[in-house]
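Dropping start-v2.txt in here (compact mmCIF, C-alpha atoms):
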```txt
# COMPACT_ATOMS: atom_id res chain seq x y z
CA MET A 108 0.00 0.00 0.00
CA GLU A 109 1.37 3.38 -0.99
CA GLN A 110 2.31 5.49 1.94
CA PRO A 111 1.13 9.10 2.06
CA PRO A 112 3.84 11.69 1.72
CA ALA A 113 5.36 12.75 4.99
CA ALA A 114 4.14 16.05 6.33
CA THR A 115 6.66 18.80 5.88
CA SER A 116 7.55 20.99 8.77
CA ALA A 117 6.30 24.58 8.82
CA PRO A 118 8.75 27.08 7.36
CA SER A 119 10.73 29.10 9.87
CA ALA A 120 10.26 32.80 10.30
CA THR A 121 13.46 33.32 8.34
CA GLN A 122 12.08 31.28 5.46
CA ARG A 123 8.68 32.99 5.47
CA VAL A 124 9.91 36.60 5.45
CA ALA A 125 11.60 37.66 2.27
CA PRO A 126 14.71 39.77 2.82
CA ARG A 127 14.07 43.49 2.53
CA ARG A 128 15.44 45.18 -0.48
CA PRO A 129 17.70 48.11 0.31
CA ARG A 130 15.89 51.42 0.07
CA PRO A 131 16.96 53.37 -3.03
CA PRO A 132 18.94 56.53 -2.24
CA SER A 133 16.95 59.75 -2.09
CA ASP A 134 17.31 62.43 -4.73
CA TYR A 135 19.17 64.57 -2.23
CA ALA A 136 21.64 61.77 -1.49
CA LEU A 137 22.32 61.36 -5.21
CA LEU A 138 22.88 65.10 -5.64
CA SER A 139 25.12 65.18 -2.57
CA GLU A 140 27.25 62.45 -4.08
CA ARG A 141 27.85 64.57 -7.17
CA ILE A 142 28.63 67.65 -5.08
CA ARG A 143 31.10 65.78 -2.88
CA GLY A 144 32.68 64.17 -5.91
CA ALA A 145 33.38 67.64 -7.28
CA GLY A 146 35.06 68.62 -3.98
CA LEU A 147 32.63 71.50 -3.38
CA LEU A 148 32.07 70.85 0.32
CA GLN A 149 35.75 71.29 1.18
CA ARG A 150 36.76 74.38 3.14
CA ARG A 151 38.20 77.39 1.28
CA ARG A 152 40.24 79.08 4.01
CA LEU A 153 42.26 81.49 1.85
CA PRO A 154 39.27 83.43 0.41
CA TYR A 155 37.82 83.78 3.90
CA LEU A 156 41.18 84.92 5.31
CA VAL A 157 41.42 87.58 2.61
CA LEU A 158 37.83 88.66 3.29
CA LEU A 159 38.32 88.82 7.06
CA VAL A 160 41.55 90.85 6.78
CA SER A 161 39.97 93.19 4.21
CA LEU A 162 36.90 93.81 6.34
CA GLY A 163 39.05 94.30 9.42
CA ALA A 164 41.09 96.90 7.56
CA ALA A 165 37.92 98.60 6.29
CA LEU A 166 36.47 98.73 9.81
CA THR A 167 39.71 100.20 11.17
CA GLY A 168 39.80 102.75 8.35
CA THR A 169 36.20 103.76 9.04
CA GLY A 170 37.03 104.31 12.70
CA ALA A 171 40.07 106.40 11.77
CA LEU A 172 37.97 108.47 9.38
CA LEU A 173 35.46 109.10 12.16
CA VAL A 174 38.20 110.56 14.34
CA VAL A 175 39.87 112.58 11.56
CA LEU A 176 36.69 114.22 10.28
CA GLY A 177 35.59 115.20 13.77
CA ASP A 178 32.36 117.09 14.42
CA SER A 179 31.24 117.40 10.80
CA TRP A 180 28.14 116.57 8.75
CA TRP A 181 30.49 114.77 6.35
CA GLN A 182 30.36 112.01 8.94
CA LEU A 183 27.08 110.85 7.42
CA GLY A 184 29.21 109.43 4.60
CA THR A 185 31.28 107.63 7.24
CA ALA A 186 28.04 106.25 8.69
CA ALA A 187 27.07 104.84 5.29
CA GLY A 188 30.49 103.22 4.90
CA LEU A 189 30.28 101.74 8.39
CA ALA A 190 26.87 100.28 7.59
CA LEU A 191 28.28 98.55 4.52
CA VAL A 192 31.25 97.12 6.45
CA LEU A 193 29.07 95.89 9.33
CA ALA A 194 26.63 94.26 6.90
CA GLN A 195 29.52 92.40 5.29
CA LEU A 196 30.81 91.32 8.70
CA GLY A 197 27.28 90.13 9.46
CA PHE A 198 27.35 87.97 6.32
CA LEU A 199 30.72 86.57 7.39
CA GLY A 200 29.32 85.75 10.83
CA HIS A 201 26.40 84.01 9.11
CA GLU A 202 28.83 81.87 7.11
CA ALA A 203 30.85 80.98 10.20
CA ALA A 204 27.61 79.97 11.95
CA HIS A 205 26.98 77.61 9.02
CA GLN A 206 30.41 76.00 9.53
CA GLN A 207 31.74 77.35 6.23
CA VAL A 208 34.89 79.13 7.35
CA LEU A 209 37.10 77.17 9.75
CA GLY A 210 37.84 73.46 10.02
CA THR A 211 36.21 72.78 13.40
CA ARG A 212 32.69 73.28 14.73
CA LYS A 213 33.86 75.09 17.87
CA GLY A 214 36.16 77.34 15.88
CA ASN A 215 33.33 78.41 13.60
CA GLU A 216 30.95 78.92 16.51
CA TRP A 217 33.37 81.19 18.36
CA LEU A 218 34.26 83.14 15.24
CA ALA A 219 30.55 83.67 14.57
CA ARG A 220 29.92 84.63 18.21
CA CYS A 221 32.77 87.15 18.27
CA LEU A 222 31.74 88.72 14.97
CA SER A 223 28.03 88.78 15.76
CA CYS A 224 28.14 89.92 19.39
CA GLY A 225 31.39 91.85 19.70
CA VAL A 226 31.57 93.55 16.29
CA VAL A 227 28.10 93.72 14.75
CA GLY A 228 26.17 93.85 18.06
CA LEU A 229 23.73 90.97 17.44
CA SER A 230 23.18 87.90 19.58
CA TYR A 231 24.69 84.77 18.01
CA ALA A 232 22.52 82.40 20.08
CA TRP A 233 19.31 84.21 19.11
CA TRP A 234 20.24 84.41 15.45
CA THR A 235 21.27 80.77 15.04
CA HIS A 236 18.14 79.46 16.77
CA LYS A 237 15.91 81.57 14.54
CA HIS A 238 17.89 80.93 11.38
CA ASN A 239 18.11 77.15 11.87
CA ARG A 240 14.31 77.00 12.13
CA HIS A 241 14.09 78.87 8.84
CA HIS A 242 16.48 76.48 7.12
CA SER A 243 14.59 73.41 8.31
CA ALA A 244 11.25 74.59 6.90
CA PRO A 245 11.57 77.57 4.52
CA ASN A 246 8.27 79.32 3.82
CA GLN A 247 6.23 76.78 5.81
CA VAL A 248 3.37 78.28 7.80
CA GLY A 249 3.85 77.85 11.53
CA ARG A 250 7.46 76.69 11.24
CA ASP A 251 9.47 79.36 9.42
CA PRO A 252 9.95 82.38 11.72
CA ASP A 253 10.81 84.56 8.71
CA ILE A 254 7.14 84.51 7.61
CA ALA A 255 5.66 84.79 11.11
CA PRO A 256 2.97 87.48 11.53
CA GLY A 257 4.23 90.96 12.31
CA ALA A 258 3.96 94.45 10.84
CA ILE A 259 4.13 92.75 7.44
CA ALA A 260 1.76 89.86 6.71
CA PHE A 261 3.65 87.30 4.65
CA THR A 262 0.76 84.83 4.25
CA ARG A 263 -2.97 84.98 3.57
CA GLU A 264 -3.53 83.38 6.95
CA ALA A 265 -1.73 86.21 8.73
CA ALA A 266 -3.63 88.89 6.79
CA ALA A 267 -7.08 87.29 6.86
CA ASP A 268 -8.35 88.90 10.10
CA ARG A 269 -6.86 92.35 9.57
CA THR A 270 -9.46 95.06 9.20
CA GLY A 271 -9.47 98.85 9.23
CA PHE A 272 -6.04 100.42 8.84
CA PRO A 273 -4.17 97.09 9.33
CA GLY A 274 -6.26 95.58 6.54
CA TRP A 275 -5.67 98.56 4.25
CA PHE A 276 -1.96 98.40 5.04
CA ALA A 277 -1.85 94.67 4.22
CA ASP A 278 -3.40 95.43 0.82
CA HIS A 279 -0.62 97.94 0.08
CA GLN A 280 2.24 96.56 2.15
CA GLY A 281 4.40 95.59 -0.83
CA TRP A 282 5.31 99.22 -1.43
CA TRP A 283 6.03 99.75 2.27
CA PHE A 284 8.21 96.68 2.68
CA PHE A 285 11.49 98.19 1.51
CA PRO A 286 11.08 101.53 3.38
CA LEU A 287 10.35 99.50 6.52
CA LEU A 288 13.71 97.75 6.09
CA LEU A 289 15.28 101.02 7.26
CA LEU A 290 14.04 100.03 10.73
CA GLU A 291 15.35 96.47 10.50
CA GLY A 292 18.76 97.27 11.96
CA LEU A 293 17.18 98.67 15.12
CA ASN A 294 14.79 95.71 15.23
CA LEU A 295 17.63 93.16 15.00
CA HIS A 296 19.54 94.76 17.85
CA GLN A 297 16.54 94.99 20.18
CA ALA A 298 15.36 91.46 19.35
CA GLY A 299 18.73 89.98 20.23
CA VAL A 300 18.97 91.87 23.53
CA ARG A 301 15.38 91.01 24.46
CA VAL A 302 15.90 87.29 23.86
CA LEU A 303 19.17 87.27 25.82
CA LEU A 304 17.41 88.91 28.76
CA GLN A 305 14.43 86.55 28.67
CA ARG A 306 15.87 83.14 27.80
CA ARG A 307 18.21 82.08 30.56
CA GLU A 308 18.84 78.65 29.01
CA LEU A 309 20.72 80.01 25.99
CA PRO A 310 24.36 78.85 25.85
CA TRP A 311 26.95 81.49 26.80
CA ARG A 312 24.09 83.88 27.50
CA ARG A 313 25.94 86.09 30.00
CA LEU A 314 29.01 86.36 27.79
CA GLU A 315 26.91 87.32 24.77
CA LEU A 316 24.91 89.81 26.79
CA GLY A 317 28.13 91.40 28.03
CA LEU A 318 29.68 91.56 24.56
CA VAL A 319 26.54 93.05 22.99
CA ALA A 320 26.14 95.58 25.82
CA VAL A 321 29.76 96.74 25.58
CA ARG A 322 29.57 96.91 21.79
CA LEU A 323 26.34 98.94 21.67
CA ALA A 324 27.06 101.22 24.62
CA GLY A 325 30.69 101.78 23.61
CA TYR A 326 29.59 102.71 20.09
CA VAL A 327 27.23 105.39 21.39
CA VAL A 328 29.90 106.77 23.75
CA VAL A 329 32.44 107.07 20.92
CA LEU A 330 29.94 108.92 18.75
CA LEU A 331 29.14 111.38 21.56
CA LEU A 332 32.85 111.99 22.16
CA VAL A 333 33.39 112.90 18.49
CA LEU A 334 30.06 114.47 17.47
CA ASP A 335 27.52 116.77 19.05
CA PRO A 336 24.27 115.02 20.05
CA VAL A 337 22.34 116.03 16.92
CA LYS A 338 25.02 114.81 14.54
CA ALA A 339 25.52 111.66 16.61
CA LEU A 340 21.81 110.89 16.34
CA ALA A 341 21.92 111.51 12.59
CA PHE A 342 24.97 109.25 12.31
CA LEU A 343 23.14 106.48 14.18
CA ALA A 344 20.03 106.89 12.01
CA VAL A 345 21.99 106.61 8.76
CA GLN A 346 24.14 103.71 9.94
CA LEU A 347 21.32 101.65 11.46
CA GLY A 348 18.92 102.43 8.61
CA LEU A 349 21.35 101.48 5.84
CA PHE A 350 22.63 98.45 7.79
CA GLY A 351 19.12 97.05 8.15
CA PHE A 352 18.27 97.87 4.54
CA LEU A 353 21.37 96.09 3.20
CA LEU A 354 20.65 92.95 5.22
CA GLY A 355 16.93 92.93 4.47
CA ALA A 356 17.43 93.65 0.77
CA ALA A 357 19.83 90.69 0.61
CA PHE A 358 17.53 88.22 2.39
CA ALA A 359 14.15 89.29 0.96
CA PRO A 360 14.66 88.20 -2.70
CA ASN A 361 15.55 84.66 -1.69
CA HIS A 362 12.15 83.39 -0.51
CA LYS A 363 9.54 86.15 -0.56
CA GLY A 364 7.11 85.49 -3.39
CA MET A 365 8.06 81.83 -3.60
CA PRO A 366 5.48 79.13 -2.71
CA ILE A 367 4.06 79.19 0.80
CA VAL A 368 4.04 75.68 2.24
CA PRO A 369 0.86 74.68 4.12
CA ARG A 370 1.17 73.56 7.73
CA ASP A 371 0.36 69.94 6.89
CA ALA A 372 2.54 69.61 3.78
CA ARG A 373 5.02 66.74 3.48
CA ILE A 374 7.85 67.44 1.04
CA ASP A 375 11.19 65.70 0.63
CA PHE A 376 14.29 67.67 1.56
CA LEU A 377 15.52 68.48 -1.95
CA ARG A 378 12.19 69.84 -3.16
CA ARG A 379 11.55 71.65 0.12
CA GLN A 380 14.75 73.62 -0.35
CA VAL A 381 14.70 74.13 -4.14
CA LEU A 382 11.03 74.96 -4.73
CA MET A 383 10.92 77.58 -1.96
CA SER A 384 14.19 79.35 -2.87
CA ARG A 385 15.18 81.76 -5.62
CA ASN A 386 18.63 82.52 -7.05
CA ILE A 387 19.63 86.02 -8.14
CA ARG A 388 21.73 86.66 -11.23
CA GLY A 389 24.09 89.62 -11.46
CA GLY A 390 27.78 88.74 -11.22
CA TRP A 391 30.41 89.50 -8.60
CA LEU A 392 28.84 92.78 -7.40
CA VAL A 393 25.54 91.11 -6.53
CA THR A 394 27.43 88.25 -4.88
CA PHE A 395 29.37 90.75 -2.76
CA LEU A 396 26.36 92.86 -1.77
CA MET A 397 24.30 89.78 -0.91
CA GLY A 398 27.10 87.95 0.90
CA GLY A 399 26.82 84.98 -1.48
CA LEU A 400 23.12 84.56 -0.71
CA ASN A 401 22.27 85.17 -4.35
CA TYR A 402 23.04 81.44 -4.68
CA GLN A 403 20.20 80.70 -2.29
CA VAL A 404 19.20 77.34 -3.77
CA GLU A 405 22.70 75.94 -3.36
CA HIS A 406 23.06 77.53 0.09
CA HIS A 407 19.86 75.91 1.34
CA LEU A 408 20.78 72.52 -0.08
CA PHE A 409 24.32 72.65 1.33
CA PRO A 410 24.47 75.22 4.16
CA SER A 411 28.08 74.40 5.04
CA MET A 412 29.34 74.96 1.49
CA PRO A 413 31.84 77.86 1.36
CA ARG A 414 30.71 80.97 -0.49
CA ALA A 415 33.42 80.58 -3.13
CA ASN A 416 32.05 77.15 -4.14
CA LEU A 417 28.39 78.11 -4.52
CA ARG A 418 28.91 79.45 -8.05
CA ARG A 419 30.58 76.19 -9.09
CA ALA A 420 27.80 74.11 -7.56
CA ARG A 421 25.06 75.99 -9.42
CA PRO A 422 25.32 74.20 -12.81
CA LEU A 423 25.43 70.79 -11.08
CA VAL A 424 22.28 71.57 -9.11
CA GLN A 425 20.56 73.02 -12.18
CA GLN A 426 21.33 69.90 -14.23
CA PHE A 427 20.15 67.57 -11.47
CA CYS A 428 16.90 69.50 -11.01
CA ALA A 429 16.27 69.38 -14.77
CA GLU A 430 16.79 65.60 -14.73
CA ARG A 431 14.24 65.23 -11.91
CA GLY A 432 11.75 67.76 -13.24
CA VAL A 433 12.18 70.05 -10.23
CA THR A 434 11.63 73.74 -10.92
CA TYR A 435 14.81 75.77 -10.38
CA THR A 436 14.06 79.49 -10.07
CA GLU A 437 16.50 82.24 -10.98
CA THR A 438 15.99 85.88 -11.90
CA THR A 439 17.60 89.31 -11.69
CA LEU A 440 17.76 91.40 -8.52
CA MET A 441 15.31 94.06 -9.69
CA ALA A 442 12.90 91.46 -11.05
CA SER A 443 12.97 89.69 -7.68
CA TYR A 444 12.13 92.94 -5.88
CA ALA A 445 9.15 93.44 -8.20
CA ILE A 446 8.00 89.90 -7.40
CA VAL A 447 8.28 90.61 -3.67
CA VAL A 448 6.19 93.79 -3.96
CA ARG A 449 3.47 92.10 -6.03
CA TYR A 450 3.32 89.09 -3.75
CA LEU A 451 3.09 91.09 -0.52
CA ASP A 452 0.26 93.19 -1.98
CA SER A 453 -1.56 90.03 -3.09
CA VAL A 454 -1.90 88.48 0.38
CA GLY A 455 -3.96 91.38 1.74
CA PRO A 456 -7.58 90.64 2.71
CA GLY A 457 -8.94 92.98 0.04
CA ASN A 458 -7.21 91.20 -2.83
CA ARG A 459 -9.47 88.90 -4.83
CA ASP A 460 -6.69 87.09 -6.67
CA PRO A 461 -4.33 86.01 -3.88
CA PHE A 462 -1.04 84.30 -4.61
CA SER A 463 -1.24 80.57 -4.68
CA CYS A 464 1.09 77.90 -5.89
CA PRO A 465 -0.17 74.59 -7.27
CA LEU A 466 3.36 73.19 -7.05
CA VAL A 467 2.98 72.32 -3.39
CA GLU A 468 -0.52 70.86 -3.62
CA GLN A 469 0.80 67.48 -4.76
CA TYR A 470 2.96 67.29 -1.62
CA ARG A 471 0.18 68.09 0.84
CA GLY A 472 -0.02 65.35 3.51
```
Mind turning this structure into C-alpha cells?
Amino acid sequence: MEQPPAATSAPSATQRVAPRRPRPPSDYALLSERIRGAGLLQRRRLPYLVLLVSLGAALTGTGALLVVLGDSWWQLGTAAGLALVLAQLGFLGHEAAHQQVLGTRKGNEWLARCLSCGVVGLSYAWWTHKHNRHHSAPNQVGRDPDIAPGAIAFTREAAADRTGFPGWFADHQGWWFFPLLLLEGLNLHQAGVRVLLQRRELPWRRLELGLVAVRLAGYVVVLLLVLDPVKALAFLAVQLGLFGFLLGAAFAPNHKGMPIVPRDARIDFLRRQVLMSRNIRGGWLVTFLMGGLNYQVEHHLFPSMPRANLRRARPLVQQFCAERGVTYTETTLMASYAIVVRYLDSVGPGNRDPFSCPLVEQYRG
C-alpha cells in the first residue's frame, strides 16, 4: 500500500519573510554624491582669510575716518560706509555659523559669536536658533519664523483677520516693505537683547549679553565723544537704517514670493529647499552685496558649502533638477524685488486674486 507523503515541517520565520530590499537613495543623497565628488564641500580658508583681513582693515579705516573728520556733517558718509562694512561682517558671521569658514565646529561657533556679538552687536545664540528654524522649513506656515505674523503679513492666513487700517496696510504693504527695512537694523539689535534677557537657558548667555552691551554702549559713547548730540543721532540713524536695509534687501529676494508651504505639507528635503528658494543673477557685485546669498538654492541645499564654491555648484544643481523635473528658479535682482512687492500686496484681505502655488498641492499630507 502506498504510503502518504510525509508532512513537511512549517517554514521558519526566516524562510517565510523575504529579505528586505535596500531602500533606493533619495534624490538629495544622489545630488550630494555629485557635489562631494566635485570637492565642493571642502573648506576654502584662503578666500575667507582675505575677506576677514579686508573687512578688518575697512572697519579700522572707518574708525580712523570718524576721528579725523571730527564734528562734521560729512560724517554721514562715514556712517554709510560703516553700515556697509558691518553688513559684510554680518554675512561673514552668518557663514561661520553655518560651519563654512574654519575646520572645526567650535572654531566656527566662536568666530561667529565674536563677529556677531562683539563687532556687529547681534546675539549669536538668538540668530542661530531663529535661522536654523528657517532652514529646516523655509516658507512653511507655523514653522518658518521669517514669515511669522508681524507688521508685514507674509501669508494669507496672517492677513485674513486684519481690518481697518491694518487691513488697508496689508493690501498695500508691498510698497512699504522696503522703506520698513530702514528700521530692520534697530529691530535686529533689540530682538537679540530682548531674547538674551528673557531666555536664561541660551548657551553662553551672559558672555553674549556682556559683549553686545559693551559693543552697543561703547559705540554710542564714541559717537558722543566725536560728534555733538544732533550729529551723533543723525549718524546712528543713517548707519542703522542702511545696515538694516542692506541685510533685508539681501535676504528678501531669496524666498519672498516663492510658494508658501501649508502647515500639513510633506515634502522631501531636496524639493523643500529648491522649490521655496530663488537665485539672483548679477555677477560679482551682486554676490558681494548679498554675501553669497544670491546662490540661495545651493546655500539651502548645502548650508556648510563655502561661499566661493556656490557658483561652481550651481550648474550641477541646475542639471540635477532638470533631470528630476524640479523647478529651479533664478531671476535678476530688480525682477525679484518686483515679485516681492506684487506678492506682498496680493496676500492682503482685500485682494481677490491672492497668490497661490499649485506646485505644493501634490505634496500636501
Exercise: residues within 9 Å of coordinate (3.2, 96.1, 7.3), counting only C-alpha atoms, as a ChimeraX atom specification: /A:257-260,273,276-277,279-281,283-284,287
Distance query A:Gly364 at most 12 Å, all atoms listed in the file, self and fewer than 4 positions along chain excluded, as a count of residues only: 30
Contacts of stretch 198-206 of chain A at 7 Å (all atoms listed in the file; same-chain gap of 4+ positions) as a list in words: Ala194, Arg212, Asn215, Glu216, Leu218, Ala219, Leu222, Ser223, Gly398, Pro410 and Ser411 of chain A
May I have the residues from that selection written out with C-alpha atoms, as an mmCIF file, keeping the file's coordinate frame?
```cif
data_model
loop_
_atom_site.group_PDB
_atom_site.id
_atom_site.type_symbol
_atom_site.label_atom_id
_atom_site.label_comp_id
_atom_site.auth_asym_id
_atom_site.auth_seq_id
_atom_site.Cartn_x
_atom_site.Cartn_y
_atom_site.Cartn_z
ATOM 1 C CA ALA A 194 26.630 94.260 6.900
ATOM 2 C CA ARG A 212 32.690 73.280 14.730
ATOM 3 C CA ASN A 215 33.330 78.410 13.600
ATOM 4 C CA GLU A 216 30.950 78.920 16.510
ATOM 5 C CA LEU A 218 34.260 83.140 15.240
ATOM 6 C CA ALA A 219 30.550 83.670 14.570
ATOM 7 C CA LEU A 222 31.740 88.720 14.970
ATOM 8 C CA SER A 223 28.030 88.780 15.760
ATOM 9 C CA GLY A 398 27.100 87.950 0.900
ATOM 10 C CA PRO A 410 24.470 75.220 4.160
ATOM 11 C CA SER A 411 28.080 74.400 5.040
#
```
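The gap separating atom CA of A:His407 from atom CA of A:Arg419 is 15.0 Å, in Å to one decimal.
Our summary of the geometry notes that atom CA of A:Leu309 is positioned 8.2 Å from atom CA of A:Trp233.
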For A:Ser139: contacts at 9 Å, all atoms listed in the file, fewer than 5 positions along chain excluded, given as JSON, numbers by chain: {"A": [134, 144, 408, 409]}
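As for atom CA of A:Leu176 and atom CA of A:Glu291, they are spaced 27.8 Å apart.
Distances to A:Trp391 were evaluated for A:Val329, A:Ala341, A:Arg269, A:Arg418 using all atoms listed in the file, and the minimum falls at A:Arg418.
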Contacts of A:Leu304 within 10 Å, only C-alpha atoms, excl. fewer than 5 positions in-chain, as a VMD selection string: chain A and resid 298 to 299 309 312 to 313 316
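Checking A:Ala244, A:Ala232, A:Ile142, A:Val208 one by one against A:Asp371, counting only C-alpha atoms, you find the shortest gap at A:Ala244.
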Given only C-alpha atoms as the counted atoms, nearest of A:Leu377, A:Leu183, A:Ala320, A:Ala165 to A:Ser243: A:Leu377
Among listed residues A:Phe285, A:Ala372, A:Ile367, A:Ala339, nearest A:Asp178 (using all atoms listed in the file): A:Ala339
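When all atoms listed in the file are used to measure the gap to A:Val433, the shortest distance among A:Tyr135, A:Gly292, A:Gly271, A:Arg263 belongs to A:Tyr135.
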Who sits within 12 Å of A:Gly188, all atoms listed in the file, same chain under 4 positions skipped, as a PyMOL selection string: chain A and resi 162+165-170+172-173+181-184+192-195+342+345-347+349-350+353
Option closest in space to A:Leu138, from A:Arg378, A:His362, A:Arg220, A:Arg414 [counting only C-alpha atoms]: A:Arg378
Distance query 12 Å from (39.4, 78.1, 0.2) using all atoms listed in the file, result as a list in words: Gly146, Leu147, Leu148, Gln149, Arg150, Arg151, Arg152, Leu153, Pro154, Tyr155, Leu156, Val157, Leu158, Gln207, Val208, Leu209, Gly210, Met412, Pro413, Arg414, Ala415, Asn416 and Leu417 of chain A
